[in-house]
Amino acid sequence: MAVTHHHAYLAADSAATAADSAVLSNAWLLIALPLVGAAILLLGGRRPNAWGPLLATALPVVSFVWAVLVLFDLLGRSADARSVSVPVYEWFATGDFSARINLLVDPLSITFVLLITFVGSLIHVYSLGYMAQDPGRRRFFAYLNLFVAAMLVLVLADNFVLLFLGWEAVGLASYLLIGFWQYKPTAATAAKKAFLINRVGDIGLLVAIMIMFSVLGAVSFSDVFAAVPGASEGVLLAIGLLLLLGACGKSAQLPLQAWLLDAMEGPTPVSALIHAATMVTAGVYLIVRAGPIFEAAPVAQLTVMIVGAATMLAGGIIASAKDDIKKSLAGSTMSQIGMMVLAAGLGPIGYAAAIAHLVTHGFFKAGLFLGAGSVMHGMNDDVDMRKYGGLASKMPITFATFGLGYLAIIGVPLLSGWWTKESIISATFGLGGTAGLVFGSLVILGAALTAFYMSRMLFMTFLGEKRWDEGVHPHESPVSMTAPMVVLSIGSLALGGFLVAGDRFAAFLRPVTGAEPPHFTVGHAFTAPYGIAALVVLILGVAVAWAVYLRKPVARTAPKGNLVTNTARNELYGNEINEGLFMRPGQVLTKALVVIEDKVIDGAVNGIGAGVRDSSTGLGRTQTGFARTYALTMLIGAVIVAATLAVRF
């Protein structure tokens with residue numbers, strides 16, 4: 001089985017090289033800083049109201065600086081020594097088993113740490129302006145800190161148990177953030193929906209960990225991967241599919257995607273935090289981290305690719321029909337994460353491309369969400385793009401930063417998204433055979449949808465005629481909101497080229513991801529048939545959006561639409577399918593169980609009690625206290641005994 005490459009260096013030196021520098025030995029501070037911030041703001045009462053948000057913003061910044069120091073420490077080591085285990089605490093021990101809280105600092109985990117802390121810090125800064133007038137801003141910033149800390153636990157864990165702890169903490173923090181405006185029934189419902197759907201995926205991850213422990217005898221990454229070659233394919237298939245179920249929950253992949261668009265009920269910074277750089281990327285991280293398991297179970301690996309491809313197309317279709325700017329962006333997130341999951345399912349040839357696109361997506365999608373929040377800020381919180389139009393002149397900074405994010409995500413050549421998307425296309429066709437042709441063509445189709453729905457969004461929002469209501473006065477956002485957008489737009493311009501050119505990022509990840517992916521060259525991307533096809537569909541997607549949404553006026557009211565349009569507007573009826581397959585049968589089952597409990601179980605218990613009570617009452621009535629009654633009873637008893645004996649003999 002082709003799995004040893006992924007964990008060879010982990011197993012070679014007792015799972016990892018011991019931390020031997022102050023920076024690495026104190027890597028736990030990466031998590032502790034935002035966690036302490038959350039504790040201070042949540043437990044400090046009203047005292048942190050004035051300065052709490054500033055403290056909460058500063059702490060992820062310090063974590064980012066520390067992460068940069070960790071990165072330089074790793075870069076100063078040889079490739080084989082870039083996996084460092086940092087012991088923190090022994091959680092619990094039973095028999096020969098010990099669950100330790102150890103942190104694994106390696107190229108994969110530090111990539112996620114840098115992304116989480118950098119983009120998370122920018123979102124904190126943005127929130128200072130966006131939430132300035134909200135009475136619950138201290139609590140909001142506490143939840144942001146808690147979310148960042150939970151994500152850092154998830155990506156720094158060196159075993160599946162600790163990863164699961166971070167996984168659950170992320171779910172809790174997302175529930176608190178999505179439902180932050182609890183007075184809105186829609187927000188409360190969305191938070192509950194996200195929490196419950198994610199629990200389905202969490203059960204998959206939990207059962208996978210149980211199987212690892214019971215069959216493979218380990219839960220640490222290095223020990224589990226070392227045991228993979230000796231495990232049966234059936235066990236590995238079960239573990240792989242269960243891990244995929246967990247990934248589908250967190251990353252909003254089919255069939256557990258229904259929570260994502262509803263989560264737009266949370267404040268816009270939450271949307272950027274959850275849907276850009278953090279929560280939805282957790283599933284991609286899990287698949288890449290558990291690569292040896294999937295590589296040893298080809299059916300599970302193929303299932304990953306199918307789920308990713310289906311979600312990529314479904315998300316693109318949904319994004320193409322939504323008039324709510326945040327929900328359209330959420331559909332885009334579904335699609336882009338689906339593309340990453342597909343790439344992760346390719347195995348070693350796709351891991352680096354998947355993570356590179358994840359990093360660049362974190363920048364341009366966060367910038368797009370923050371740009372959407374800036375538009376809402378200037379439009380009295382209206383999210384309907386049919387009531388926008390012509391905002392470019394009113395919000396020039398927002399338009400410029402949003403525009404750069406738009407150009408990056410649709411894959412304009414030499415911008416960040418082009419480099420990483422072309423890497424995925426190249427890796428997919430590099431799979432070879434029918435599978436490479438089919439999945440590669442699907443990625444190109446997904447790129448066409450991206451060009452269409454993002455052009456639609458840009459045209460409806462910033463260009464064309466003005467369609468806003470009377471009394472609305474669009475205006476640019478304060479510098480605390482626009483500054484993070486400017487920084488993210490710079491990443492949208494240049495980050496992809498820095499990562500992909502010269503295979504720089506793939507080489508950095510190679511100790512974790514294993515075999516070297518196909519070499520990516522700019523010339524090949526412009527001359528290969530699939531590279532030319534990607535450029536053609538990009539132009540077609542933009543042209544179709546221009547013809548429909550800019551060449552002629554945009555309607556203020558949604559037309560009736562055909563079957564395809566209505567299906568897309570209703571999110572491919574994902575909610576109805578879940579209700580029909582799970583919720584309503586669950587309600588019927590619950591009602592049936594209630595009837596069984598009330599009428600059968602409780603009825604039987606109550607019936608026995610009533611029988612004992614009634615018989616006792618009846619017997620009690622025979623105790624009259626009269627001697628003649630007792631004598632008559634004795635006589636009747638004697639007659640019965642005598643008759644019985646006479647019959648027998």
# chains A, B, ... in the order shown; residues from 1 in each chain; ligands from 1

$ residues_around --residues "range 448-457 of chain A" --least-positions-apart "5" --cutoff "7 Å" --atoms "only C-alpha atoms" --output "list of chain:residue names"
A:Gly316, A:Ala319, A:Ser320, A:Tyr406, A:Ile410, A:Val537, A:Leu538, A:Gly541, A:Val542, A:Val544, A:Ala545, A:Tyr549

$ residues_around --residues "Val68 in chain A" --least-positions-apart "6" --cutoff "12 Å" --atoms "only C-alpha atoms" --output "list of chain:residue names"
A:Val23, A:Leu24, A:Ala27, A:Leu30, A:Val61, A:Val62, A:Leu74, A:Leu75, A:Ile110, A:Thr111, A:Phe112, A:Val113, A:Leu114, A:Leu115, A:Thr117, A:Phe118

$ write_last_selection --atoms "C-alpha atoms" --output "PDB file, in the first residue's frame"
ATOM      1  CA  VAL A  23       9.911  29.330  20.106  1.00  0.00           C
ATOM      2  CA  LEU A  24       8.780  25.763  19.438  1.00  0.00           C
ATOM      3  CA  ALA A  27       4.068  26.830  20.718  1.00  0.00           C
ATOM      4  CA  LEU A  30      -0.441  30.188  19.942  1.00  0.00           C
ATOM      5  CA  VAL A  61      -2.047  39.442  16.196  1.00  0.00           C
ATOM      6  CA  VAL A  62       0.478  38.298  18.805  1.00  0.00           C
ATOM      7  CA  LEU A  74      11.057  25.336  10.781  1.00  0.00           C
ATOM      8  CA  LEU A  75      12.598  26.826   7.648  1.00  0.00           C
ATOM      9  CA  ILE A 110       1.899  25.925  10.531  1.00  0.00           C
ATOM     10  CA  THR A 111       0.332  26.806   7.158  1.00  0.00           C
ATOM     11  CA  PHE A 112      -3.108  26.659   8.742  1.00  0.00           C
ATOM     12  CA  VAL A 113      -1.936  28.483  11.872  1.00  0.00           C
ATOM     13  CA  LEU A 114      -0.588  31.371   9.794  1.00  0.00           C
ATOM     14  CA  LEU A 115      -3.783  31.556   7.747  1.00  0.00           C
ATOM     15  CA  THR A 117      -4.220  33.966  12.833  1.00  0.00           C
ATOM     16  CA  PHE A 118      -3.537  36.412   9.972  1.00  0.00           C
TER      17      PHE A 118
END

$ atom_distance --atom1 "CA of Ile596 in chain A" --atom2 "CA of Ser616 in chain A"
28.2 Å

$ residues_around --residues "Phe462 in chain A" --least-positions-apart "3" --cutoff "8 Å" --atoms "only C-alpha atoms" --output "list of chain:residue names"
A:Tyr388, A:Gly389, A:Gly390, A:Leu391, A:Ala392, A:Phe399, A:Leu458, A:Phe459

$ write_last_selection --atoms "C-alpha atoms" --output "PDB file, in the first residue's frame"
ATOM      1  CA  TYR A 388     -27.893  47.810  -5.368  1.00  0.00           C
ATOM      2  CA  GLY A 389     -26.346  48.903  -8.667  1.00  0.00           C
ATOM      3  CA  GLY A 390     -24.001  51.787  -9.415  1.00  0.00           C
ATOM      4  CA  LEU A 391     -22.202  51.594  -6.064  1.00  0.00           C
ATOM      5  CA  ALA A 392     -18.725  51.830  -7.582  1.00  0.00           C
ATOM      6  CA  PHE A 399     -15.312  48.434  -5.188  1.00  0.00           C
ATOM      7  CA  LEU A 458     -20.061  42.361  -9.306  1.00  0.00           C
ATOM      8  CA  PHE A 459     -22.302  43.725 -12.062  1.00  0.00           C
TER       9      PHE A 459
END
